[in-house]
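Colleague: Sending over a structure as structure tokens; questions will come in a sec.
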Amino acid sequence: MTRMRAAYADQYGGPDVVRVRDVERPTPAGDELLVRVRAASVNRADLDGLKPKPGFLRLFMGLRAPRNHEVGIDAAGVVEAVGPEVARFQPGDEVMTDLFAAGRFGAFAEYVCAREKAFEPIPTGMPFEEAATLPHSAVLALQGMRLRDGRTFEPGARVLIDGASGNVGPFAVQIAKAMGAEVTGVASGDKLDFVRSVGADHVIDYRSVDYTKAGERYDWIVAVDAHHPIRAVRRALKPGGVYVTMGGTTATMFAALGGSLVMSRFGDRWSGMMLWWKPMHRPDIHTLKKLIADGKLKPMIDRRYRLEEVADALRWVEDGHARGKVVITQPAEA
Ligand SMILES: NC(=O)c1ccc[n+]([C@@H]2O[C@H](COP(=O)([O-])OP(=O)(O)OC[C@H]3O[C@@H](n4cnc5c(N)ncnc54)[C@H](OP(=O)(O)O)[C@@H]3O)[C@@H](O)[C@H]2O)c1
């Protein structure tokens, strides 16, 4: 029986509940790939899984303890073996995944095993550690630039990214710039130079300025978390403007859902939760690869950790230190 190292959370809590241990290495069946992980990246979703946010998610994830003990969703690596029904990949292929696309976790491990629909080839020539940053955060950032019906903004639009310094924000700033927008990035004061460095034309320190009260108006606002009530955000939208929030607390998310129904139906602005996220959506992966090939999108890596240090990596993100992505790297051979 072949063994591997993998991270597990046997209870809810902070990063300290995550332990790396020896387990049996899975064998791919059906349309599954077994991938030797060379890099994985930390996402807010990993922390939200450890302490379910919003809280009602415990109904689905396990009331007292997580039902699924595996941790991590984003990985990049090399196909080690394939199940008999796999059509698109073969051993040796370099791939990346957001395991959400296969409805599972487990990226913080020496190997991942999941259905082939959750994998795409990594961008040509891109190091594994950069490829591992893309699947979750860059896809979310791109999908925040359009509504479910495909509506988006025109070149020259004024776009504000609320939460521009973490996982999704730096990708969102770069994608909005590539789409021809004038971009404002919101983050805490000591990260504003970083936000400028990824291309923001303007920056706002949320600790000293509330952008909803600053008198500026935007065509499109993407908030990685709902930090303001919808009625306040409305003030900062031009007529016809759009506010998309990706997450928040239970209260802010329900407010966003309710606000969306009322304001978007009866008002001249669209505001609400992003409910159209499609992980590993192939056309979006192609768009991201094109932006990368054209030099318009570059992953920003803040820190690298080893698999055995996964709790430290999660803590660095949870404590709000990260500027861009935190990556867990692994050697080619165990
Ligand atoms: N809708 C969907 O289908 C879907 C799917 C998956 C994930 N999500 C959500 O997508 C989001 C991803 O976020 P992320 O990974 O980019 O988070 P992150 O890396 O933790 O970044 C958070 C950002 O918010 C900023 N921030 C913190 N407090 C703030 C405040 N009071 N006002 C304004 N900005 C503040 C941070 O700035 P500083 O660091 O400078 O403080 C940072 O730029 C999560 O909310 C996740 O739940 C949504």
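Chain identifiers are assigned as A, B, and so on, following the order in which chains appear in the structure tokens; residues are numbered from 1 within each chain, and ligands are numbered from 1 in order of appearance.
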Could I get the residue neighbourhood of ligand 1 at 8 Å, counting only C-alpha atoms and all ligand atoms, as a PyMOL selection string?

Modeller: chain A and resi 43-45+48+53+136-137+140+162-169+186-192+206-207+223-227+245-248+273-278+317-318+320-325

Colleague: Just C-alpha atoms for this one: save the residues we selected as a tab-separated table (two decimals), in the first residue's frame.

Modeller:
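Output contents, as saved in out21.tsv:
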```tsv
chain	number	residue	atom	x	y	z
A	43	ASN	CA	-7.79	30.69	-0.25
A	44	ARG	CA	-10.23	32.42	2.06
A	45	ALA	CA	-12.48	29.43	1.32
A	48	ASP	CA	-14.16	29.55	5.83
A	53	LYS	CA	-18.80	31.28	7.24
A	136	HIS	CA	-10.08	29.67	-7.48
A	137	SER	CA	-9.14	33.35	-7.10
A	140	LEU	CA	-13.75	34.39	-9.17
A	162	ASP	CA	-13.28	46.54	-2.49
A	163	GLY	CA	-10.73	44.16	-0.96
A	164	ALA	CA	-7.95	44.62	-3.51
A	165	SER	CA	-4.97	43.23	-1.61
A	166	GLY	CA	-5.79	39.56	-0.86
A	167	ASN	CA	-6.48	36.50	-3.02
A	168	VAL	CA	-9.11	37.71	-5.49
A	169	GLY	CA	-8.46	41.46	-5.38
A	186	VAL	CA	-9.64	49.51	-1.56
A	187	ALA	CA	-7.42	47.95	1.13
A	188	SER	CA	-5.73	48.85	4.42
A	189	GLY	CA	-3.13	51.63	4.37
A	190	ASP	CA	0.07	49.58	4.49
A	191	LYS	CA	-1.02	47.47	1.50
A	192	LEU	CA	-1.88	50.35	-0.80
A	206	TYR	CA	-10.73	51.68	4.17
A	207	ARG	CA	-9.48	52.50	7.67
A	223	ALA	CA	-16.52	43.56	-3.18
A	224	VAL	CA	-14.76	40.35	-2.16
A	225	ASP	CA	-16.69	40.68	1.12
A	226	ALA	CA	-19.80	42.79	1.80
A	227	HIS	CA	-18.35	45.50	4.05
A	245	THR	CA	-20.42	41.11	-3.65
A	246	MET	CA	-18.77	37.70	-3.43
A	247	GLY	CA	-19.12	36.95	0.27
A	248	GLY	CA	-19.78	38.29	3.74
A	273	MET	CA	-24.52	38.50	-4.40
A	274	MET	CA	-22.49	36.74	-7.04
A	275	LEU	CA	-24.46	33.51	-7.44
A	276	TRP	CA	-23.16	32.53	-10.87
A	277	TRP	CA	-19.68	31.29	-9.87
A	278	LYS	CA	-18.59	28.35	-12.02
A	317	VAL	CA	-3.65	34.58	5.62
A	318	GLU	CA	-6.10	34.49	8.53
A	320	GLY	CA	-4.44	39.46	7.38
A	321	HIS	CA	-0.72	39.69	6.53
A	322	ALA	CA	-0.82	38.40	2.96
A	323	ARG	CA	-0.37	40.68	-0.02
A	324	GLY	CA	-1.60	38.47	-2.84
A	325	LYS	CA	-1.31	34.68	-2.71
```

Colleague: Using DSSP assignments from the backbone, pull out every residue in segment 214-305 of chain A that falls under strand (DSSP E or B) and give it to me as JSON, numbers by chain.

Modeller: {"A": [218, 219, 220, 221, 222, 223, 237, 238, 239, 240, 241, 242, 243, 244, 245, 270, 271, 272, 273, 301, 302, 303, 304, 305]}

Colleague: Restrict the selected residues to C-alpha atoms and save them as a CSV table (one decimal), in the first residue's frame.

Modeller:
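Once everything was written out, this is result_16.csv:
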```csv
chain,number,residue,atom,x,y,z
A,218,TYR,CA,-18.5,54.1,-10.1
A,219,ASP,CA,-19.9,52.0,-13.0
A,220,TRP,CA,-19.0,48.7,-11.4
A,221,ILE,CA,-18.0,47.7,-7.9
A,222,VAL,CA,-16.7,44.2,-6.9
A,223,ALA,CA,-16.5,43.6,-3.2
A,237,LEU,CA,-23.0,53.7,-8.1
A,238,LYS,CA,-23.7,55.7,-11.2
A,239,PRO,CA,-27.1,55.3,-12.6
A,240,GLY,CA,-27.1,51.9,-14.4
A,241,GLY,CA,-24.1,50.8,-12.2
A,242,VAL,CA,-23.5,47.4,-10.8
A,243,TYR,CA,-22.4,46.2,-7.4
A,244,VAL,CA,-21.3,42.5,-7.1
A,245,THR,CA,-20.4,41.1,-3.6
A,270,TRP,CA,-28.0,46.2,-10.0
A,271,SER,CA,-26.7,45.2,-6.6
A,272,GLY,CA,-26.4,41.7,-5.1
A,273,MET,CA,-24.5,38.5,-4.4
A,301,ILE,CA,2.9,35.5,-4.6
A,302,ASP,CA,3.4,36.8,-1.1
A,303,ARG,CA,5.0,33.8,0.7
A,304,ARG,CA,5.9,30.1,0.2
A,305,TYR,CA,5.5,27.3,2.8
```

Colleague: Could you pull out the alpha helix (DSSP H) residues of segment 43-125 of chain A from DSSP and send them as a PyMOL selection string?

Modeller: chain A and resi 44-50+58-61

Colleague: Could you tell me which of A:Glu130, A:Glu154, A:Asp312, A:Asp22 comes closest to Lys298 of chain A if we count only C-alpha atoms?

Modeller: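 Nearest candidate to Lys298 of chain A out of A:Glu130, A:Glu154, A:Asp312, A:Asp22: A:Glu130.
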
Colleague: Tell me which of A:Ala7, A:Ala332, A:Val159, A:Leu134 sits closest to Val79 of chain A, counting only C-alpha atoms.

Modeller: A:Ala332

Colleague: Quick one: residues within 6 Å of segment 327-329 of chain A, only C-alpha atoms, excluding same-chain residues fewer than 3 positions away - as a ChimeraX atom specification?

Modeller: /A:38-41,304-307

Colleague: Can you write just those residues out, N, CA and C atoms, as a PDB file, in the first residue's frame?

Modeller:
```pdb
ATOM      1  N   ARG A  38       2.579  19.759  -6.980  1.00  0.00           N
ATOM      2  CA  ARG A  38       3.841  20.501  -6.877  1.00  0.00           C
ATOM      3  C   ARG A  38       3.636  21.834  -6.163  1.00  0.00           C
ATOM      4  N   ALA A  39       2.403  22.357  -6.201  1.00  0.00           N
ATOM      5  CA  ALA A  39       2.099  23.588  -5.468  1.00  0.00           C
ATOM      6  C   ALA A  39       0.602  23.649  -5.195  1.00  0.00           C
ATOM      7  N   ALA A  40       0.266  24.260  -4.073  1.00  0.00           N
ATOM      8  CA  ALA A  40      -1.151  24.508  -3.738  1.00  0.00           C
ATOM      9  C   ALA A  40      -1.223  25.936  -3.216  1.00  0.00           C
ATOM     10  N   SER A  41      -2.376  26.576  -3.342  1.00  0.00           N
ATOM     11  CA  SER A  41      -2.444  27.940  -2.799  1.00  0.00           C
ATOM     12  C   SER A  41      -3.574  28.041  -1.780  1.00  0.00           C
ATOM     13  N   ARG A 304       5.906  31.561   0.500  1.00  0.00           N
ATOM     14  CA  ARG A 304       5.888  30.126   0.187  1.00  0.00           C
ATOM     15  C   ARG A 304       6.108  29.344   1.475  1.00  0.00           C
ATOM     16  N   TYR A 305       5.404  28.233   1.601  1.00  0.00           N
ATOM     17  CA  TYR A 305       5.544  27.340   2.762  1.00  0.00           C
ATOM     18  C   TYR A 305       5.686  25.916   2.268  1.00  0.00           C
ATOM     19  N   ARG A 306       6.187  25.020   3.158  1.00  0.00           N
ATOM     20  CA  ARG A 306       6.213  23.583   2.862  1.00  0.00           C
ATOM     21  C   ARG A 306       4.904  22.955   3.354  1.00  0.00           C
ATOM     22  N   LEU A 307       4.599  21.754   2.856  1.00  0.00           N
ATOM     23  CA  LEU A 307       3.351  21.086   3.250  1.00  0.00           C
ATOM     24  C   LEU A 307       3.254  20.940   4.770  1.00  0.00           C
TER      25      LEU A 307
END
```

Colleague: So that I can see what lies close to segment 90-93 of chain A, please list as a PyMOL selection string the residues with an atom at most 6 Å from it, counting only C-alpha atoms and leaving out residues fewer than 3 positions away in the same chain.

Modeller: chain A and resi 78-81

Colleague: Considering only C-alpha atoms, return as a PyMOL selection string whatever protein or nucleic-acid residues lie within 8 Å of Ala176 of chain A, sequence-local ones (same chain, fewer than 5 positions apart) excluded.

Modeller: chain A and resi 145+159+181-183

Colleague: So, with only C-alpha atoms as the atoms that count, which of A:Arg234, A:Lys117, A:Lys177, A:Arg3 lies closest to Pro155 of chain A?

Modeller: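 Closest candidate: A:Lys177.
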
Colleague: Please report the interatomic distance between atom CA of His228 of chain A and atom CA of Ser208 of chain A in Å with one decimal.

Modeller: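 Atom CA of Ser208 of chain A lies 14.6 Å from atom CA of His228 of chain A.
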
Colleague: List the neighbours of Leu33 of chain A out to 8 Å using only C-alpha atoms; skip same-chain residues closer than 3 positions along the sequence, and give me the result as a PyMOL selection string.

Modeller: chain A and resi 28-29+79-83+86+112-116

Colleague: Find the distance between atom CA of Met179 of chain A and atom CA of Leu297 of chain A and write it in Å to one decimal.

Modeller: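 Interatomic distance here is 11.3 Å.
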
Colleague: Find the spatial neighbours of Lys51 of chain A, counting only C-alpha atoms, within a cut-off of 8 Å - ignore same-chain residues fewer than 5 positions away - and output them as a ChimeraX atom specification.

Modeller: /A:12-14

Colleague: Can you measure atom CA of Ile161 of chain A to atom CA of Ile204 of chain A for me? One decimal in Å is fine.

Modeller: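 Distance reported for this atom pair: 9.9 Å.
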
Colleague: Compare A:Arg58, A:Arg36, A:Arg151, A:Arg146 by their minimum atom-to-atom distance to Ala107 of chain A, counting only C-alpha atoms, and give me the closest one.

Modeller: A:Arg36
